[in-house]
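K.L.:
What follows is query.cif; its format and atoms are mmCIF, C-alpha atoms (C1' of nucleotides).
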data_data
loop_
_atom_site.label_atom_id
_atom_site.label_comp_id
_atom_site.auth_asym_id
_atom_site.auth_seq_id
_atom_site.Cartn_x
_atom_site.Cartn_y
_atom_site.Cartn_z
CA MET A 904 70.86 -75.46 -23.66
CA GLY A 905 67.88 -76.74 -21.80
CA ARG A 906 65.28 -74.95 -19.88
CA TRP A 907 67.00 -75.62 -16.59
CA GLU A 908 70.57 -75.39 -15.50
CA PRO A 909 71.92 -78.92 -15.32
CA ASN A 910 72.81 -80.93 -12.21
CA ALA A 911 70.32 -79.46 -9.78
CA ARG A 912 71.11 -82.08 -7.16
CA GLY A 913 74.81 -81.39 -7.31
CA ARG A 914 74.29 -77.64 -7.03
CA LEU A 915 72.06 -78.13 -4.03
CA GLU A 916 74.57 -80.40 -2.38
CA GLN A 917 77.43 -78.01 -2.98
CA ALA A 918 75.46 -75.04 -1.70
CA ALA A 919 74.40 -76.95 1.39
CA LEU A 920 77.90 -78.14 2.24
CA ALA A 921 79.26 -74.62 1.82
CA LEU A 922 76.61 -73.08 4.06
CA TYR A 923 76.80 -75.80 6.70
CA GLY A 924 80.52 -75.19 6.80
CA GLU A 925 80.26 -71.41 7.01
CA ARG A 926 77.39 -70.89 9.45
CA GLY A 927 76.76 -74.32 10.84
CA PHE A 928 73.91 -76.70 10.18
CA GLU A 929 71.23 -75.20 12.39
CA GLN A 930 71.90 -71.66 11.26
CA THR A 931 71.29 -72.63 7.66
CA THR A 932 67.74 -72.70 6.31
CA ALA A 933 66.58 -74.84 3.42
CA ALA A 934 65.43 -71.70 1.64
CA GLU A 935 68.96 -70.27 1.78
CA ILE A 936 70.47 -73.41 0.33
CA ALA A 937 67.97 -73.41 -2.49
CA LYS A 938 68.52 -69.76 -3.22
CA ARG A 939 72.28 -70.19 -3.48
CA ALA A 940 71.72 -73.07 -5.88
CA GLY A 941 69.32 -70.96 -7.94
CA LEU A 942 66.33 -73.11 -7.04
CA THR A 943 63.39 -73.05 -4.66
CA GLU A 944 62.98 -74.60 -1.24
CA ARG A 945 60.38 -76.99 -2.61
CA THR A 946 62.88 -78.36 -5.10
CA PHE A 947 65.43 -78.89 -2.35
CA PHE A 948 63.01 -81.22 -0.61
CA ARG A 949 62.37 -83.06 -3.85
CA TYR A 950 66.02 -84.09 -3.98
CA PHE A 951 66.67 -84.59 -0.29
CA ALA A 952 64.21 -86.06 2.16
CA ASP A 953 65.36 -83.59 4.77
CA LYS A 954 68.09 -81.09 5.54
CA ARG A 955 70.35 -83.73 7.02
CA GLU A 956 70.18 -86.14 4.17
CA VAL A 957 72.47 -83.95 2.06
CA LEU A 958 75.38 -85.21 4.11
CA PHE A 959 74.38 -88.86 4.02
CA TRP A 960 72.86 -89.84 0.73
CA GLY A 961 76.12 -91.48 -0.33
CA ALA A 962 75.56 -94.19 2.26
CA GLY A 963 73.71 -96.35 -0.23
CA ALA A 964 76.82 -96.82 -2.34
CA LEU A 965 78.84 -97.54 0.77
CA ARG A 966 76.37 -100.23 1.76
CA ASP A 967 76.64 -101.88 -1.64
CA LEU A 968 80.41 -101.79 -1.37
CA LEU A 969 80.38 -103.50 2.01
CA VAL A 970 77.80 -106.09 1.01
CA ASN A 971 79.67 -106.99 -2.14
CA ALA A 972 82.95 -107.26 -0.30
CA VAL A 973 81.42 -109.56 2.29
CA ALA A 974 79.74 -111.66 -0.35
CA GLY A 975 82.93 -111.82 -2.41
CA ALA A 976 85.21 -112.95 0.40
CA PRO A 977 86.64 -116.44 -0.09
CA GLU A 978 84.58 -119.31 1.21
CA SER A 979 87.23 -120.17 3.74
CA ALA A 980 87.06 -116.73 5.37
CA THR A 981 85.65 -116.55 8.88
CA PRO A 982 82.90 -113.97 9.56
CA ILE A 983 85.42 -111.56 11.02
CA ASP A 984 87.70 -112.10 8.04
CA ALA A 985 84.89 -111.20 5.70
CA VAL A 986 84.05 -108.09 7.69
CA ALA A 987 87.70 -107.07 7.80
CA ALA A 988 87.90 -107.46 4.04
CA ALA A 989 84.87 -105.23 3.65
CA LEU A 990 86.37 -102.52 5.82
CA ALA A 991 89.56 -102.70 3.79
CA ALA A 992 87.48 -102.10 0.68
CA VAL A 993 86.09 -98.95 2.24
CA ASP A 994 89.59 -97.72 2.82
CA ALA A 995 90.43 -98.34 -0.81
CA MET A 996 87.42 -96.30 -1.91
CA PHE A 997 87.40 -93.36 0.49
CA GLY A 998 90.88 -93.47 1.90
CA GLU A 999 92.33 -90.72 -0.26
CA ARG A 1000 90.02 -87.84 0.49
CA ARG A 1001 90.81 -87.31 4.10
CA ASP A 1002 90.32 -83.56 3.96
CA GLY A 1003 86.79 -83.83 2.66
CA ALA A 1004 86.03 -86.43 5.32
CA ARG A 1005 87.47 -84.13 7.97
CA GLN A 1006 85.32 -81.21 6.91
CA ARG A 1007 82.21 -83.35 6.83
CA GLN A 1008 82.99 -84.89 10.19
CA ARG A 1009 83.54 -81.48 11.74
CA ILE A 1010 80.07 -80.42 10.67
CA ILE A 1011 78.54 -83.60 12.04
CA ALA A 1012 80.45 -83.38 15.31
CA GLU A 1013 78.93 -79.97 15.99
CA ASN A 1014 75.32 -81.07 15.75
CA PRO A 1015 73.46 -83.80 17.64
CA GLU A 1016 70.80 -84.23 14.97
CA LEU A 1017 73.49 -85.01 12.46
CA GLN A 1018 75.10 -87.46 14.84
CA GLU A 1019 71.78 -89.24 15.14
CA ARG A 1020 71.55 -89.55 11.40
CA GLU A 1021 75.08 -90.82 11.18
CA LEU A 1022 74.39 -93.47 13.78
CA ILE A 1023 71.33 -94.78 12.00
CA LYS A 1024 73.27 -94.96 8.75
CA MET A 1025 75.97 -96.93 10.51
CA ALA A 1026 73.34 -99.23 11.96
CA THR A 1027 71.96 -99.74 8.47
CA LEU A 1028 75.40 -100.71 7.24
CA ALA A 1029 75.77 -103.18 10.10
CA SER A 1030 72.41 -104.67 9.34
CA ALA A 1031 73.23 -105.06 5.66
CA MET A 1032 76.56 -106.71 6.46
CA ALA A 1033 74.85 -109.08 8.88
CA ASP A 1034 72.44 -110.09 6.13
CA ALA A 1035 75.33 -110.65 3.75
CA LEU A 1036 77.02 -112.84 6.34
CA ARG A 1037 73.85 -114.89 6.80
CA ARG A 1038 73.77 -115.47 3.08
CA ARG A 1039 77.20 -116.99 3.52
CA GLY A 1040 75.71 -119.42 6.00
CA VAL A 1041 76.83 -117.67 9.18
CA PRO A 1042 74.39 -118.33 12.03
CA ASP A 1043 72.07 -115.57 13.13
CA THR A 1044 73.65 -114.27 16.30
CA ALA A 1045 77.20 -114.62 15.06
CA ALA A 1046 76.32 -112.64 11.93
CA SER A 1047 74.79 -109.79 13.92
CA LEU A 1048 77.71 -109.72 16.30
CA ALA A 1049 80.42 -109.78 13.67
CA ALA A 1050 78.73 -107.01 11.70
CA GLU A 1051 78.01 -104.85 14.71
CA VAL A 1052 81.52 -105.29 16.03
CA GLY A 1053 82.92 -104.54 12.61
CA ILE A 1054 81.07 -101.25 12.50
CA ALA A 1055 82.28 -100.40 15.99
CA ILE A 1056 85.83 -100.99 14.84
CA PHE A 1057 85.26 -98.88 11.78
CA ARG A 1058 83.86 -96.01 13.80
CA ILE A 1059 86.79 -95.99 16.18
CA ALA A 1060 89.39 -96.43 13.47
CA PHE A 1061 87.79 -93.70 11.39
CA GLU A 1062 87.84 -91.26 14.27
CA ARG A 1063 91.49 -91.93 14.97
CA TRP A 1064 92.32 -91.59 11.30
CA ILE A 1065 90.53 -88.26 11.04
CA ASN A 1066 92.43 -86.87 14.00
CA ASP A 1067 95.76 -88.35 13.00
CA THR A 1068 98.48 -85.83 12.26
CA ASP A 1069 100.77 -88.30 10.57
CA GLN A 1070 100.04 -89.77 7.19
CA ARG A 1071 99.03 -93.23 8.36
CA ASP A 1072 96.15 -94.51 6.29
CA LEU A 1073 92.77 -95.73 7.43
CA SER A 1074 93.57 -99.41 7.12
CA HIS A 1075 96.40 -98.94 9.58
CA PHE A 1076 93.91 -97.95 12.25
CA ILE A 1077 91.47 -100.65 11.24
CA ARG A 1078 94.15 -103.29 11.64
CA GLU A 1079 95.22 -101.79 14.95
CA SER A 1080 91.67 -101.73 16.31
CA LEU A 1081 91.01 -105.26 15.13
CA ASP A 1082 94.06 -106.58 16.88
CA GLU A 1083 93.21 -104.70 20.01
CA LEU A 1084 89.70 -106.07 19.92
CA LYS A 1085 91.02 -109.60 19.83
CA ALA A 1086 93.23 -108.85 22.80
CA VAL A 1087 90.35 -107.32 24.72
CA THR A 1088 87.87 -110.13 24.11
CA ALA A 1089 90.40 -112.89 24.77
CA GLY A 1090 90.29 -112.14 28.52
CA SER A 1091 88.35 -114.20 31.07
CA ALA A 1092 85.01 -112.41 30.77
CA SER A 1093 81.46 -113.40 31.59
CA SER A 1094 82.56 -114.63 35.00
CA PHE A 1095 80.21 -112.10 36.57
CA LEU A 1096 77.23 -113.65 34.92
CA SER A 1097 77.79 -117.24 35.85
CA MET B 810 45.55 -78.53 47.68
CA GLY B 811 47.83 -76.53 45.48
CA ARG B 812 47.04 -74.37 42.57
CA TRP B 813 48.02 -77.08 40.07
CA GLU B 814 47.34 -80.76 39.86
CA PRO B 815 50.48 -82.55 41.01
CA ASN B 816 52.93 -84.54 38.92
CA ALA B 817 52.65 -82.69 35.64
CA ARG B 818 55.60 -84.53 34.18
CA GLY B 819 54.18 -87.92 35.02
CA ARG B 820 50.79 -87.02 33.54
CA LEU B 821 52.44 -85.84 30.35
CA GLU B 822 54.50 -89.00 30.10
CA GLN B 823 51.52 -91.23 30.65
CA ALA B 824 49.41 -89.36 28.11
CA ALA B 825 52.20 -89.48 25.54
CA LEU B 826 52.84 -93.20 25.96
CA ALA B 827 49.14 -93.94 25.65
CA LEU B 828 48.74 -91.88 22.49
CA TYR B 829 51.94 -93.15 20.89
CA GLY B 830 50.66 -96.66 21.52
CA GLU B 831 47.19 -95.99 20.17
CA ARG B 832 47.85 -93.91 17.07
CA GLY B 833 51.57 -94.12 16.59
CA PHE B 834 54.22 -91.51 17.22
CA GLU B 835 53.87 -89.40 14.09
CA GLN B 836 50.10 -89.29 14.26
CA THR B 837 50.25 -87.80 17.74
CA THR B 838 50.67 -84.05 18.13
CA ALA B 839 52.23 -82.38 21.12
CA ALA B 840 49.03 -80.40 21.60
CA GLU B 841 47.01 -83.60 21.93
CA ILE B 842 49.34 -85.01 24.54
CA ALA B 843 49.15 -81.81 26.55
CA LYS B 844 45.39 -81.68 26.30
CA ARG B 845 45.00 -85.24 27.56
CA ALA B 846 47.26 -84.36 30.48
CA GLY B 847 45.21 -81.24 31.23
CA LEU B 848 48.07 -78.92 30.31
CA THR B 849 49.17 -76.82 27.37
CA GLU B 850 51.56 -77.61 24.56
CA ARG B 851 53.99 -75.06 25.91
CA THR B 852 54.20 -76.87 29.20
CA PHE B 853 54.86 -80.16 27.44
CA PHE B 854 57.99 -78.64 25.91
CA ARG B 855 59.08 -77.33 29.27
CA TYR B 856 59.31 -80.87 30.60
CA PHE B 857 60.54 -82.61 27.47
CA ALA B 858 63.03 -81.15 25.02
CA ASP B 859 61.10 -82.69 22.16
CA LYS B 860 58.38 -85.21 21.40
CA ARG B 861 60.82 -88.11 21.31
CA GLU B 862 62.44 -87.43 24.63
CA VAL B 863 59.40 -88.71 26.50
CA LEU B 864 60.53 -92.23 25.66
CA PHE B 865 64.17 -91.71 26.56
CA TRP B 866 64.59 -89.44 29.54
CA GLY B 867 65.26 -92.44 31.77
CA ALA B 868 68.58 -92.96 30.03
CA GLY B 869 70.38 -90.74 32.51
CA ALA B 870 69.72 -93.16 35.35
CA LEU B 871 70.78 -96.06 33.15
CA ARG B 872 74.05 -94.30 32.42
CA ASP B 873 74.74 -93.79 36.10
CA LEU B 874 74.00 -97.44 36.75
CA LEU B 875 76.46 -98.58 34.09
CA VAL B 876 79.16 -96.15 35.14
CA ASN B 877 78.89 -97.13 38.78
CA ALA B 878 78.97 -100.81 37.96
CA VAL B 879 82.09 -100.37 35.84
CA ALA B 880 83.76 -98.27 38.50
CA GLY B 881 82.81 -100.72 41.22
CA ALA B 882 84.10 -103.83 39.50
CA PRO B 883 87.03 -105.47 41.32
CA GLU B 884 90.47 -104.23 40.40
CA SER B 885 91.39 -107.59 38.99
CA ALA B 886 88.56 -107.45 36.44
CA THR B 887 89.50 -107.11 32.79
CA PRO B 888 87.76 -104.40 30.75
CA ILE B 889 85.33 -106.93 29.32
CA ASP B 890 84.69 -108.29 32.77
CA ALA B 891 83.80 -104.85 34.01
CA VAL B 892 81.49 -104.24 31.07
CA ALA B 893 79.84 -107.61 31.55
CA ALA B 894 79.26 -106.77 35.19
CA ALA B 895 77.62 -103.51 34.17
CA LEU B 896 75.28 -105.25 31.76
CA ALA B 897 74.35 -107.72 34.45
CA ALA B 898 73.44 -104.78 36.67
CA VAL B 899 71.09 -103.53 33.97
CA ASP B 900 69.37 -106.88 33.92
CA ALA B 901 68.90 -106.71 37.67
CA MET B 902 67.30 -103.29 37.38
CA PHE B 903 65.09 -103.60 34.29
CA GLY B 904 64.87 -107.33 33.88
CA GLU B 905 61.43 -107.75 35.42
CA ARG B 906 59.34 -105.41 33.33
CA ARG B 907 59.56 -107.14 30.01
CA ASP B 908 56.05 -106.19 28.95
CA GLY B 909 56.68 -102.49 29.38
CA ALA B 910 59.92 -102.84 27.48
CA ARG B 911 58.11 -104.69 24.70
CA GLN B 912 55.49 -102.01 24.32
CA ARG B 913 58.10 -99.28 24.27
CA GLN B 914 60.24 -101.15 21.79
CA ARG B 915 57.27 -101.71 19.50
CA ILE B 916 56.66 -97.98 19.34
CA ILE B 917 60.32 -97.30 18.61
CA ALA B 918 60.54 -100.01 15.97
CA GLU B 919 57.76 -98.34 14.00
CA ASN B 920 59.47 -94.97 13.67
CA PRO B 921 62.89 -94.09 12.26
CA GLU B 922 63.16 -90.85 14.20
CA LEU B 923 62.76 -92.80 17.42
CA GLN B 924 65.35 -95.30 16.30
CA GLU B 925 67.77 -92.46 15.74
CA ARG B 926 67.19 -91.20 19.23
CA GLU B 927 67.65 -94.66 20.66
CA LEU B 928 70.93 -95.07 18.85
CA ILE B 929 72.35 -91.81 20.14
CA LYS B 930 71.33 -92.73 23.67
CA MET B 931 73.13 -96.05 23.27
CA ALA B 932 76.17 -94.24 21.95
CA THR B 933 76.08 -91.99 24.98
CA LEU B 934 76.04 -95.02 27.23
CA ALA B 935 79.01 -96.49 25.40
CA SER B 936 80.90 -93.25 25.71
CA ALA B 937 80.20 -93.02 29.44
CA MET B 938 81.33 -96.59 29.97
CA ALA B 939 84.50 -95.96 28.01
CA ASP B 940 85.26 -93.00 30.26
CA ALA B 941 84.65 -95.13 33.33
CA LEU B 942 87.05 -97.74 31.96
CA ARG B 943 89.71 -95.10 31.36
CA ARG B 944 89.35 -94.03 34.96
CA ARG B 945 90.24 -97.60 35.82
CA GLY B 946 93.45 -97.16 33.85
CA VAL B 947 92.35 -98.95 30.69
CA PRO B 948 94.15 -97.52 27.64
CA ASP B 949 92.24 -95.32 25.25
CA THR B 950 91.48 -97.55 22.33
CA ALA B 951 90.82 -100.61 24.45
CA ALA B 952 88.36 -98.65 26.55
CA SER B 953 86.42 -97.43 23.52
CA LEU B 954 86.38 -100.88 22.00
CA ALA B 955 85.28 -102.71 25.12
CA ALA B 956 82.50 -100.22 25.74
CA GLU B 957 81.31 -100.15 22.14
CA VAL B 958 81.36 -103.91 21.91
CA GLY B 959 79.55 -104.16 25.21
CA ILE B 960 76.75 -101.99 23.91
CA ALA B 961 76.56 -104.03 20.72
CA ILE B 962 76.16 -107.13 22.82
CA PHE B 963 73.52 -105.46 24.91
CA ARG B 964 71.55 -104.38 21.87
CA ILE B 965 71.55 -107.84 20.36
CA ALA B 966 70.80 -109.58 23.64
CA PHE B 967 68.01 -107.14 24.40
CA GLU B 968 66.38 -107.72 21.04
CA ARG B 969 66.50 -111.48 21.48
CA TRP B 970 65.10 -111.17 24.98
CA ILE B 971 62.21 -109.00 23.82
CA ASN B 972 61.26 -111.49 21.14
CA ASP B 973 61.78 -114.54 23.31
CA THR B 974 58.68 -116.61 23.92
CA ASP B 975 60.18 -118.60 26.76
CA GLN B 976 60.89 -117.12 30.14
CA ARG B 977 64.65 -116.91 29.80
CA ASP B 978 65.92 -113.72 31.40
CA LEU B 979 68.00 -110.98 29.86
CA SER B 980 71.27 -112.07 31.41
CA HIS B 981 70.89 -115.43 29.69
CA PHE B 982 71.09 -113.72 26.31
CA ILE B 983 73.88 -111.44 27.43
CA ARG B 984 75.95 -114.40 28.49
CA GLU B 985 75.13 -116.20 25.25
CA SER B 986 76.11 -113.22 23.10
CA LEU B 987 79.29 -112.67 25.07
CA ASP B 988 80.41 -116.24 24.57
CA GLU B 989 79.53 -116.08 20.91
CA LEU B 990 81.51 -112.89 20.54
CA LYS B 991 84.56 -114.54 21.97
CA ALA B 992 84.15 -117.40 19.54
CA VAL B 993 83.72 -115.03 16.62
CA THR B 994 86.72 -112.85 17.38
CA ALA B 995 89.00 -115.76 18.21
CA GLY B 996 89.25 -116.65 14.50
CA SER B 997 92.19 -115.83 12.25
CA ALA B 998 91.06 -112.36 11.18
CA SER B 999 92.86 -109.35 9.80
CA SER B 1000 94.67 -111.53 7.28
CA PHE B 1001 93.14 -109.45 4.51
CA LEU B 1002 94.78 -106.32 5.74
CA SER B 1003 98.29 -107.60 6.07
"C1'" DA C 1014 50.14 -79.24 -34.96
"C1'" DG C 1015 49.03 -81.99 -31.11
"C1'" DT C 1016 50.02 -84.36 -26.99
"C1'" DG C 1017 52.28 -86.01 -23.03
"C1'" DT C 1018 56.13 -85.89 -19.86
"C1'" DC C 1019 59.21 -84.07 -16.62
"C1'" DA C 1020 61.58 -80.73 -13.80
"C1'" DT C 1021 60.52 -76.88 -11.54
"C1'" DG C 1022 57.72 -73.05 -9.47
"C1'" DT C 1023 53.88 -71.27 -6.52
"C1'" DC C 1024 51.07 -71.29 -2.73
"C1'" DA C 1025 48.78 -72.66 1.25
"C1'" DG C 1026 48.80 -75.43 5.20
"C1'" DT C 1027 50.35 -78.33 9.41
"C1'" DT C 1028 53.41 -79.17 13.09
"C1'" DG C 1029 57.43 -78.98 16.03
"C1'" DC C 1030 59.53 -75.92 18.77
"C1'" DT C 1031 60.97 -71.14 20.92
"C1'" DG C 1032 60.85 -66.47 23.03
"C1'" DT C 1033 58.35 -63.41 25.75
"C1'" DC C 1034 55.28 -61.71 28.78
"C1'" DA C 1035 51.21 -62.25 31.86
"C1'" DT C 1036 49.00 -64.57 35.79
"C1'" DC C 1037 48.43 -65.94 40.28
"C1'" DA C 1038 48.74 -69.24 44.43
"C1'" DG C 1039 51.79 -69.80 48.15
"C1'" DC C 1040 55.37 -68.48 51.05
"C1'" DA C 1041 58.28 -65.36 53.59
"C1'" DT C 1042 59.10 -61.37 55.80
"C1'" DA C 1043 58.22 -56.93 57.67
"C1'" DT D 141 47.79 -57.40 57.39
"C1'" DA D 142 50.44 -55.70 53.74
"C1'" DT D 143 54.04 -56.38 50.62
"C1'" DG D 144 56.91 -58.54 47.71
"C1'" DC D 145 59.20 -62.65 45.69
"C1'" DT D 146 59.10 -67.18 43.42
"C1'" DG D 147 57.85 -70.88 40.53
"C1'" DA D 148 54.70 -73.28 37.63
"C1'" DT D 149 51.66 -72.48 34.13
"C1'" DG D 150 49.03 -70.09 30.33
"C1'" DA D 151 48.61 -67.13 26.22
"C1'" DC D 152 50.30 -65.57 22.09
"C1'" DA D 153 53.12 -64.67 18.32
"C1'" DG D 154 56.52 -66.35 15.28
"C1'" DC D 155 60.01 -69.19 12.64
"C1'" DA D 156 61.44 -73.01 10.00
"C1'" DA D 157 60.93 -77.82 8.44
"C1'" DC D 158 58.39 -80.21 5.74
"C1'" DT D 159 54.00 -81.67 2.57
"C1'" DG D 160 50.23 -81.72 -0.82
"C1'" DA D 161 48.04 -79.77 -4.75
"C1'" DC D 162 48.12 -77.53 -8.78
"C1'" DA D 163 50.30 -74.56 -12.51
"C1'" DT D 164 53.81 -73.80 -16.09
"C1'" DG D 165 56.50 -74.30 -19.99
"C1'" DA D 166 60.40 -76.44 -22.70
"C1'" DC D 167 61.27 -80.61 -24.88
"C1'" DA D 168 60.45 -85.13 -27.30
"C1'" DC D 169 57.69 -87.89 -29.93
"C1'" DT D 170 54.16 -88.70 -33.28
#
Can the structure from this file be put into structure tokens for me?

P.N.:
Amino acid sequence: MGRWEPNARGRLEQAALALYGERGFEQTTAAEIAKRAGLTERTFFRYFADKREVLFWGAGALRDLLVNAVAGAPESATPIDAVAAALAAVDAMFGERRDGARQRQRIIAENPELQERELIKMATLASAMADALRRRGVPDTAASLAAEVGIAIFRIAFERWINDTDQRDLSHFIRESLDELKAVTAGSASSFLS
Amino acid sequence: MGRWEPNARGRLEQAALALYGERGFEQTTAAEIAKRAGLTERTFFRYFADKREVLFWGAGALRDLLVNAVAGAPESATPIDAVAAALAAVDAMFGERRDGARQRQRIIAENPELQERELIKMATLASAMADALRRRGVPDTAASLAAEVGIAIFRIAFERWINDTDQRDLSHFIRESLDELKAVTAGSASSFLS
DNA sequence: AGTGTCATGTCAGTTGCTGTCATCAGCATA
DNA sequence: TATGCTGATGACAGCAACTGACATGACACT
């Protein structure tokens, strides 16, 4: 066997998740995480840009998934169609592990710094989807709007899914939110600005 | 005159904005800000919870403005109507000082930590508006959606306004985005989830 | 054997932020 | 006038998040 135990990153991640869950995010120091993983604090920061990033480094893969789904939607699909297809793809990928998602979300919900990081990751996803829509020829503003609205739907659907006591899956809530959105925006609107 | 120069908070804010503008946010230390304001670092942190908050502490007033506008919208107004009215109120309040807004936005755009803080402030606004809508009797999901979508519209309209070279005012872009949203969501949609 | 690479360790330093106690003008009240 | 309280600030010590610089030693390749 090699000089070092294998999978340093994975050990750090596991140790961090365990400690964040036990004591909470703020009450956990980087040195403690490293120690539990059998490494040093310095090495922790070589793998993760900061303490928060442990919970979010998977966002890159999620972004690729969304972008590919948007790009791969049929030519005939409207912007919202393409976004809806992308969200459905997310369900297919992460839909099973609701318990893990719950645990992670509980940790995030307890700490404002983590919520900030989550929001900027979501914004990154929206931005990437908007770019993908523009590559499909969708005009600038429409692309931004469809992507941003799609992420809003995802956030709301995800929250409801996490807190759902039945076994309804994520795409159920996505569909529900999407329909409700259409109902909400169909109203008169903008009359106060004219 | 008193023992202390008056308006410590204002002096700190002014010093911070100046330094953030000159050297950038990261390159400015809390001690430097305090020194320029004729105070100590400790006092800086008594007025502002952290370095970032200097740029965002006005958000409380903005929240009140939005909430009051939503609450004060006529009974007949749909959720989106109420949200649109609230955004129009923001334009009336902050619409004139575009140059200040530009400067502030430039500083934020250059630093991810500041973007995170901006996003959580926006999320707070959305949440407050959603609550205000619920108090009007709007159902749960619809309230969240209308508020979240309203903030998305605001963000996009604000960005376009900041970068606009003509003299079109903020409400112009809000109206534009709102109409575009209606067009975008009116499409078929959700067919991929059925 | 020699040489370079790569993951990790070690150490020292900066900065954001916090807790705690001291100071001292101004005000009230006796 | 004396006394005591209050509220804003300073002074100081300390922790924890990160960063830069350099050292180490197993492994691979030649």

K.L.:
For B:Gly959, please output as an NGL selection string all residues within 9 Å (counting only C-alpha atoms (C1' of nucleotides); exclusion window: fewer than 4 positions along the same chain).

P.N.:
:B and (889 or 892-893 or 896 or 935 or 954-955 or 963-964 or 987)

K.L.:
Between atom CA of B:Lys991 and atom CA of A:Ser979, what is the distance in Å, rounded to a tenth?

P.N.:
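Going from atom CA of B:Lys991 over to atom CA of A:Ser979, I get 19.3 Å.
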
K.L.:
Excluding stretch 142-145 of chain D and any residue of its chain fewer than 5 positions from it, enumerate the residues within 9 Å of it, using only C-alpha atoms (C1' of nucleotides), and give them as a list in words.

P.N.:
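Answer for this query is DC1040, DA1041, DT1042 and DA1043 of chain C.
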
K.L.:
Grab the atom CA of B:Ala894 to atom CA of A:Thr1044 distance for me, in Å with one decimal place.

P.N.:
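Between these atoms lies a distance of 21.1 Å.
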
K.L.:
Chain B near chain D within 12 Å: what's each residue's closest atom pair and its distance in Å to one decimal, counting only C-alpha atoms (C1' of nucleotides), ordered by chain then ascending residue number, as JSON lines?

P.N.:
{"residue": "B:Gly811", "atom": "CA", "partner": "D:DA148", "partner_atom": "C1'", "distance": 10.9}
{"residue": "B:Arg812", "atom": "CA", "partner": "D:DA148", "partner_atom": "C1'", "distance": 9.2}
{"residue": "B:Trp813", "atom": "CA", "partner": "D:DA148", "partner_atom": "C1'", "distance": 8.1}
{"residue": "B:Glu814", "atom": "CA", "partner": "D:DA148", "partner_atom": "C1'", "distance": 10.7}
{"residue": "B:Pro815", "atom": "CA", "partner": "D:DA148", "partner_atom": "C1'", "distance": 10.7}
{"residue": "B:Asn816", "atom": "CA", "partner": "D:DA148", "partner_atom": "C1'", "distance": 11.5}
{"residue": "B:Ala817", "atom": "CA", "partner": "D:DA148", "partner_atom": "C1'", "distance": 9.8}
{"residue": "B:Arg818", "atom": "CA", "partner": "D:DA148", "partner_atom": "C1'", "distance": 11.8}
{"residue": "B:Gly847", "atom": "CA", "partner": "D:DT149", "partner_atom": "C1'", "distance": 11.3}
{"residue": "B:Leu848", "atom": "CA", "partner": "D:DT149", "partner_atom": "C1'", "distance": 8.3}
{"residue": "B:Thr849", "atom": "CA", "partner": "D:DG150", "partner_atom": "C1'", "distance": 7.4}
{"residue": "B:Glu850", "atom": "CA", "partner": "D:DG150", "partner_atom": "C1'", "distance": 9.8}
{"residue": "B:Arg851", "atom": "CA", "partner": "D:DG150", "partner_atom": "C1'", "distance": 8.3}
{"residue": "B:Thr852", "atom": "CA", "partner": "D:DT149", "partner_atom": "C1'", "distance": 7.1}
{"residue": "B:Phe853", "atom": "CA", "partner": "D:DT149", "partner_atom": "C1'", "distance": 10.7}
{"residue": "B:Arg855", "atom": "CA", "partner": "D:DT149", "partner_atom": "C1'", "distance": 10.1}
{"residue": "B:Tyr856", "atom": "CA", "partner": "D:DA148", "partner_atom": "C1'", "distance": 11.3}

K.L.:
So what do you get for atom CA of B:Gly830 versus atom CA of B:Ala961, distance-wise?

P.N.:
26.9 Å

K.L.:
List the residues matched by the PyMOL selection byres ((chain C) within 10 of (chain A)) in the displayed structure as a VMD selection string, ordered by chain and then by residue number.

P.N.:
chain C and resid 1020 to 1023

K.L.:
Can you pull out the residues contacting A:Met1032? Cut-off 12 Å, using only C-alpha atoms (C1' of nucleotides), and skip same-chain residues under 6 positions away; I want them as a count of residues only.

P.N.:
34

K.L.:
Between B:Gly909, B:Gly833, B:Gly869, B:Pro921, which has the minimum distance to chain A (counting only C-alpha atoms)?

P.N.:
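Ranking B:Gly909, B:Gly833, B:Gly869, B:Pro921 by distance to chain A, first place goes to B:Pro921.
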
K.L.:
Assuming the chain letters and numbering stay as they are in my file, what does the PyMOL selection byres ((chain A and resi 917) around 12) actually select? List them as a ChimeraX atom specification.

P.N.:
/A:910-916,918-924,936-937,939-941,957-958

K.L.:
Could you tell me, as a PyMOL selection string, exactly which residues end up selected when the PyMOL selection byres ((chain A and resi 994) around 12) is applied to this structure?

P.N.:
(chain A and resi 965+968-969+987-993+995-1001+1057+1060-1061+1064+1071-1078) or (chain B and resi 1002)

K.L.:
The centre and edge lengths of an axis-aligned box containing all atoms of stretch 908-918 of chain A present in the file, extended by 4 Å on each side, are to be given in Å to one decimal, as lines of an AutoDock Vina configuration file.

P.N.:
center_x = 73.9
center_y = -78.6
center_z = -8.6
size_x = 15.1
size_y = 15.0
size_z = 21.8
